[in-house]
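Here's the structure, in structure tokens; my notes come after.
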Amino acid sequence: MVTPPPREDESTQIPVGDVEAAAALIASVNEVKEQVGRVVVGQSDVVEQLLIAILARGHCLLEGVPGLAKTLMVRTLASSMSLDFRRIQFTPDLMPGDITGTDIIQEDHETGRREMVFRKGPIFTQMLLADEINRTPPKTQAALLEAMQEHEVTAGGKTYPLAEPFFVLATQNPIEQEGTYPLPEAQRDRFLFHVVVSYPSREEEALIVDRTTSGETPEVGHVISGEDIVRFQSLVRRVPLPTHVKDWVIDLVRDARPNSPESKDWVREWVQWGPGPRASQQLVLASKARALLNGRTHVTIDDVQTLALPVLRHRIVPSFAAEADGVSIEDLVDRLVKEHRVAPASLL
């Protein structure tokens, strides 16, 4: 059931049609989760964050050790949403044209005339899995920049639009750093979330063993279509943002910048670079999506607090002092949220 917004705040009122659409969104997302759960054991928090990113029209960076079903999770999501899916294994010898496509000479057999024809690369899909993105040089990583931001590819002086919806879900291995190329800040900033995929519990691991060694392969049903996702994305952007929540987001992000007048002494000591304005934008969009998924047609500060870590984790660069003191990025974000001024309980 979708909870209507408080009547006393007219800024949170939305049309009745949007309330009905929100109910349809919740039903569809719950069905997608059920389909994914038939194949992927556990990882419910990761699946929910991926769905929030998709609804917010954002991209995700998944980090986890090998064997945690990251690829299976993404492939199953794409199947349940009836989306075209492609996977690129990033390697040191991968070239930009291997991702975006390249011009080739093609001969017309009837006229004998030759002309340049653009052969589209694997990026021309709806859900792209960039596997081990940090194993390819920065030049190739940058080939994704325009596509992720503008949803189009430019080659040979021509611009080719990508099909909507379009998502990039990239993975990186946190334990094998030899021979890798860490993502530049500009590339990381293109991702809405940096999601850490953790080990399953003992019970979940036992279930994984049973499922994967029995020879049974569950089928995934097609729940929604790309057109449905585009409509849901538009609905997310129409969710009202109360003024006090917007102010809370902006102040939180600004407090994380060491050169900001509002930042505390410990931020200046432990943070080398803080998040830019895109962090505020994407934290708001993600919070709107989470609000709808939780049956609310208005954003609360609880939505923001819950999503602050995956939004800010890759946008804060700790200083050498933080590393020397054993302070992690998770510690920094947690302290930022806890020390940020708290709104009255009635507004949470």
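As shown in the structure tokens, the chain order sets the letters A, B, ...; within each chain, residues go from 1, and ligands are also counted from 1 in the order they appear.
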
If you run DSSP on this backbone, which residues of range 94-276 of chain A come out as strand (DSSP E), and could you give them as a JSON list (two decimals) with C-alpha atoms, in the first residue's frame?
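Result written to part02.json:
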```json
[["chain", "number", "residue", "atom", "x", "y", "z"],
["A", 101, "GLY", "CA", 32.38, 0.12, -32.16],
["A", 102, "THR", "CA", 34.46, 1.08, -35.18],
["A", 103, "ASP", "CA", 34.21, 2.20, -38.80],
["A", 104, "ILE", "CA", 34.89, -0.53, -41.34],
["A", 105, "ILE", "CA", 35.13, -0.46, -45.14],
["A", 106, "GLN", "CA", 32.21, -2.23, -46.75],
["A", 107, "GLU", "CA", 31.86, -2.93, -50.45],
["A", 114, "ARG", "CA", 33.21, 1.10, -51.07],
["A", 115, "GLU", "CA", 32.09, 3.13, -48.10],
["A", 116, "MET", "CA", 32.74, 3.45, -44.39],
["A", 117, "VAL", "CA", 30.13, 1.76, -42.26],
["A", 118, "PHE", "CA", 29.94, 1.98, -38.47],
["A", 119, "ARG", "CA", 29.81, -1.40, -36.79],
["A", 120, "LYS", "CA", 28.27, -1.00, -33.35],
["A", 127, "MET", "CA", 22.17, -3.39, -19.61],
["A", 128, "LEU", "CA", 25.95, -3.57, -19.93],
["A", 129, "LEU", "CA", 28.10, -5.51, -17.48],
["A", 130, "ALA", "CA", 31.64, -4.12, -17.47],
["A", 131, "ASP", "CA", 33.41, -7.01, -15.77],
["A", 152, "GLU", "CA", 25.05, 8.24, -26.77],
["A", 153, "VAL", "CA", 28.25, 7.34, -28.61],
["A", 154, "THR", "CA", 30.24, 9.55, -30.98],
["A", 155, "ALA", "CA", 32.40, 7.88, -33.62],
["A", 158, "LYS", "CA", 28.63, 11.03, -35.97],
["A", 159, "THR", "CA", 26.55, 10.58, -32.85],
["A", 160, "TYR", "CA", 24.61, 7.38, -32.25],
["A", 161, "PRO", "CA", 21.94, 7.29, -29.51],
["A", 167, "PHE", "CA", 22.61, 1.02, -17.53],
["A", 168, "VAL", "CA", 26.24, 0.25, -16.88],
["A", 169, "LEU", "CA", 26.91, -2.15, -14.03],
["A", 170, "ALA", "CA", 30.66, -2.49, -13.50],
["A", 171, "THR", "CA", 32.52, -4.90, -11.24],
["A", 172, "GLN", "CA", 35.95, -4.71, -9.71],
["A", 193, "PHE", "CA", 26.23, 3.75, -6.22],
["A", 194, "HIS", "CA", 29.38, 1.97, -5.14],
["A", 195, "VAL", "CA", 27.96, -1.27, -3.78],
["A", 196, "VAL", "CA", 30.08, -3.70, -1.77],
["A", 271, "VAL", "CA", 39.49, 13.96, 3.83],
["A", 272, "GLN", "CA", 41.64, 14.92, 0.86],
["A", 273, "TRP", "CA", 38.84, 15.45, -1.66]]
```

List every residue of range 31-70 of chain A that has an atom at most 12 Å from any atom of range 133-149 of chain A, giving for each one its closest atom pair and the distance in Å to one decimal, counting only C-alpha atoms, sorted by chain and then by ascending residue number, as JSON lines.
```
{"residue": "A:Arg57", "atom": "CA", "partner": "A:Met148", "partner_atom": "CA", "distance": 10.1}
{"residue": "A:Gly58", "atom": "CA", "partner": "A:Met148", "partner_atom": "CA", "distance": 8.5}
{"residue": "A:His59", "atom": "CA", "partner": "A:Met148", "partner_atom": "CA", "distance": 7.5}
{"residue": "A:Cys60", "atom": "CA", "partner": "A:Met148", "partner_atom": "CA", "distance": 10.6}
{"residue": "A:Leu61", "atom": "CA", "partner": "A:Ile133", "partner_atom": "CA", "distance": 9.2}
{"residue": "A:Leu62", "atom": "CA", "partner": "A:Ile133", "partner_atom": "CA", "distance": 10.1}
{"residue": "A:Glu63", "atom": "CA", "partner": "A:Ile133", "partner_atom": "CA", "distance": 10.4}
```

Can you spit out the residues from that selection as a PDB file, in the first residue's frame, using N, CA and C atoms?
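Once everything was written out, this is again-v6.pdb:
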```
ATOM      1  N   ARG A  57      17.780   6.023 -12.782  1.00  0.00           N
ATOM      2  CA  ARG A  57      18.494   6.215 -14.068  1.00  0.00           C
ATOM      3  C   ARG A  57      19.997   6.394 -13.831  1.00  0.00           C
ATOM      4  N   GLY A  58      20.532   5.573 -12.924  1.00  0.00           N
ATOM      5  CA  GLY A  58      21.940   5.661 -12.586  1.00  0.00           C
ATOM      6  C   GLY A  58      22.676   4.369 -12.877  1.00  0.00           C
ATOM      7  N   HIS A  59      23.987   4.416 -12.703  1.00  0.00           N
ATOM      8  CA  HIS A  59      24.853   3.270 -12.938  1.00  0.00           C
ATOM      9  C   HIS A  59      25.441   2.796 -11.606  1.00  0.00           C
ATOM     10  N   CYS A  60      25.881   1.541 -11.575  1.00  0.00           N
ATOM     11  CA  CYS A  60      26.374   0.956 -10.327  1.00  0.00           C
ATOM     12  C   CYS A  60      27.769   0.372 -10.502  1.00  0.00           C
ATOM     13  N   LEU A  61      28.591   0.568  -9.459  1.00  0.00           N
ATOM     14  CA  LEU A  61      29.904  -0.065  -9.380  1.00  0.00           C
ATOM     15  C   LEU A  61      29.827  -1.121  -8.287  1.00  0.00           C
ATOM     16  N   LEU A  62      29.993  -2.398  -8.662  1.00  0.00           N
ATOM     17  CA  LEU A  62      29.918  -3.506  -7.719  1.00  0.00           C
ATOM     18  C   LEU A  62      31.320  -3.972  -7.372  1.00  0.00           C
ATOM     19  N   GLU A  63      31.596  -4.051  -6.087  1.00  0.00           N
ATOM     20  CA  GLU A  63      32.914  -4.499  -5.643  1.00  0.00           C
ATOM     21  C   GLU A  63      32.763  -5.724  -4.756  1.00  0.00           C
TER      22      GLU A  63
END
```

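In this comparison, which uses only C-alpha atoms, the residue of A:Glu150, A:Asp334, A:Glu185, A:Asp325 approaching Ala256 in chain A most closely is A:Asp334.
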
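Remark: for Ser79 in chain A, the closest of the candidate residues A:Leu94, A:Leu241, A:Val223, A:Ile52 is A:Val223 (distances computed over only C-alpha atoms).
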
For this session: Quick one: pick out all alpha helix (DSSP H) residues within range 32-220 of chain A from a backbone DSSP run and write them as a count of residues only.
Result: 61

Exercise. Out of A:Leu68, A:Ile123, A:Ala289, A:Val220, which residue has the shortest atom-to-atom distance to Leu50 in chain A when counting only C-alpha atoms?
Worked result: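 Closest to Leu50 in chain A, using only C-alpha atoms: A:Ala289.
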
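The shortest atom-to-atom distance to Leu252 in chain A, with only C-alpha atoms taken into account, belongs to A:Leu336 out of A:Val74, A:Ala163, A:Val197, A:Leu336.
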
Problem set entry | Selected residue of minimal separation from Thr300 in chain A among A:Val239, A:Val253, A:Val333, A:Ala321, counting only C-alpha atoms |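 Of A:Val239, A:Val253, A:Val333, A:Ala321, the one nearest Thr300 in chain A is A:Val239, counting only C-alpha atoms.
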
For this session: State, in Å with one decimal place, the distance from CA of His151 in chain A to CA of Thr125 in chain A.
Result: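 Separation of CA of His151 in chain A and CA of Thr125 in chain A: 10.8 Å.
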
Exercise. Contacts of Ile54 in chain A at 12 Å or less, counting only C-alpha atoms, minus same-chain residues fewer than 4 places along, as a PyMOL selection string?
Worked result: chain A and resi 29+47-50+58-60+74+77-78+81+83+126-127+164-169+191-193+226+228-234+236+282+285-286+289-290

Problem set entry | Test item: residues at most 10 Å from range 205-216 of chain A, only C-alpha atoms, excluding those fewer than 2 positions along its chain, as a list of chain:residue names |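 Surrounding residues, per the criterion: A:Arg38, A:Val39, A:Val40, A:Val41, A:Gly42, A:Tyr199, A:Pro200, A:Ser201, A:Arg202, A:Glu203, A:Pro218, A:Glu219.
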
With C-alpha atoms retained, write the just-selected residues as a PDB file, in the first residue's frame.
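Output saved as selection24.pdb:
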```pdb
ATOM      1  CA  ARG A  38      14.863 -17.934  -7.515  1.00  0.00           C
ATOM      2  CA  VAL A  39      18.393 -17.825  -8.941  1.00  0.00           C
ATOM      3  CA  VAL A  40      20.490 -15.710  -6.565  1.00  0.00           C
ATOM      4  CA  VAL A  41      20.658 -16.693  -2.905  1.00  0.00           C
ATOM      5  CA  GLY A  42      20.659 -13.797  -0.423  1.00  0.00           C
ATOM      6  CA  TYR A 199      30.078 -13.026   1.691  1.00  0.00           C
ATOM      7  CA  PRO A 200      26.851 -14.996   2.248  1.00  0.00           C
ATOM      8  CA  SER A 201      25.853 -16.334   5.639  1.00  0.00           C
ATOM      9  CA  ARG A 202      26.439 -20.018   6.448  1.00  0.00           C
ATOM     10  CA  GLU A 203      22.789 -20.879   5.795  1.00  0.00           C
ATOM     11  CA  PRO A 218      15.327 -22.355 -12.394  1.00  0.00           C
ATOM     12  CA  GLU A 219      13.748 -20.293 -15.154  1.00  0.00           C
TER      13      GLU A 219
END
```
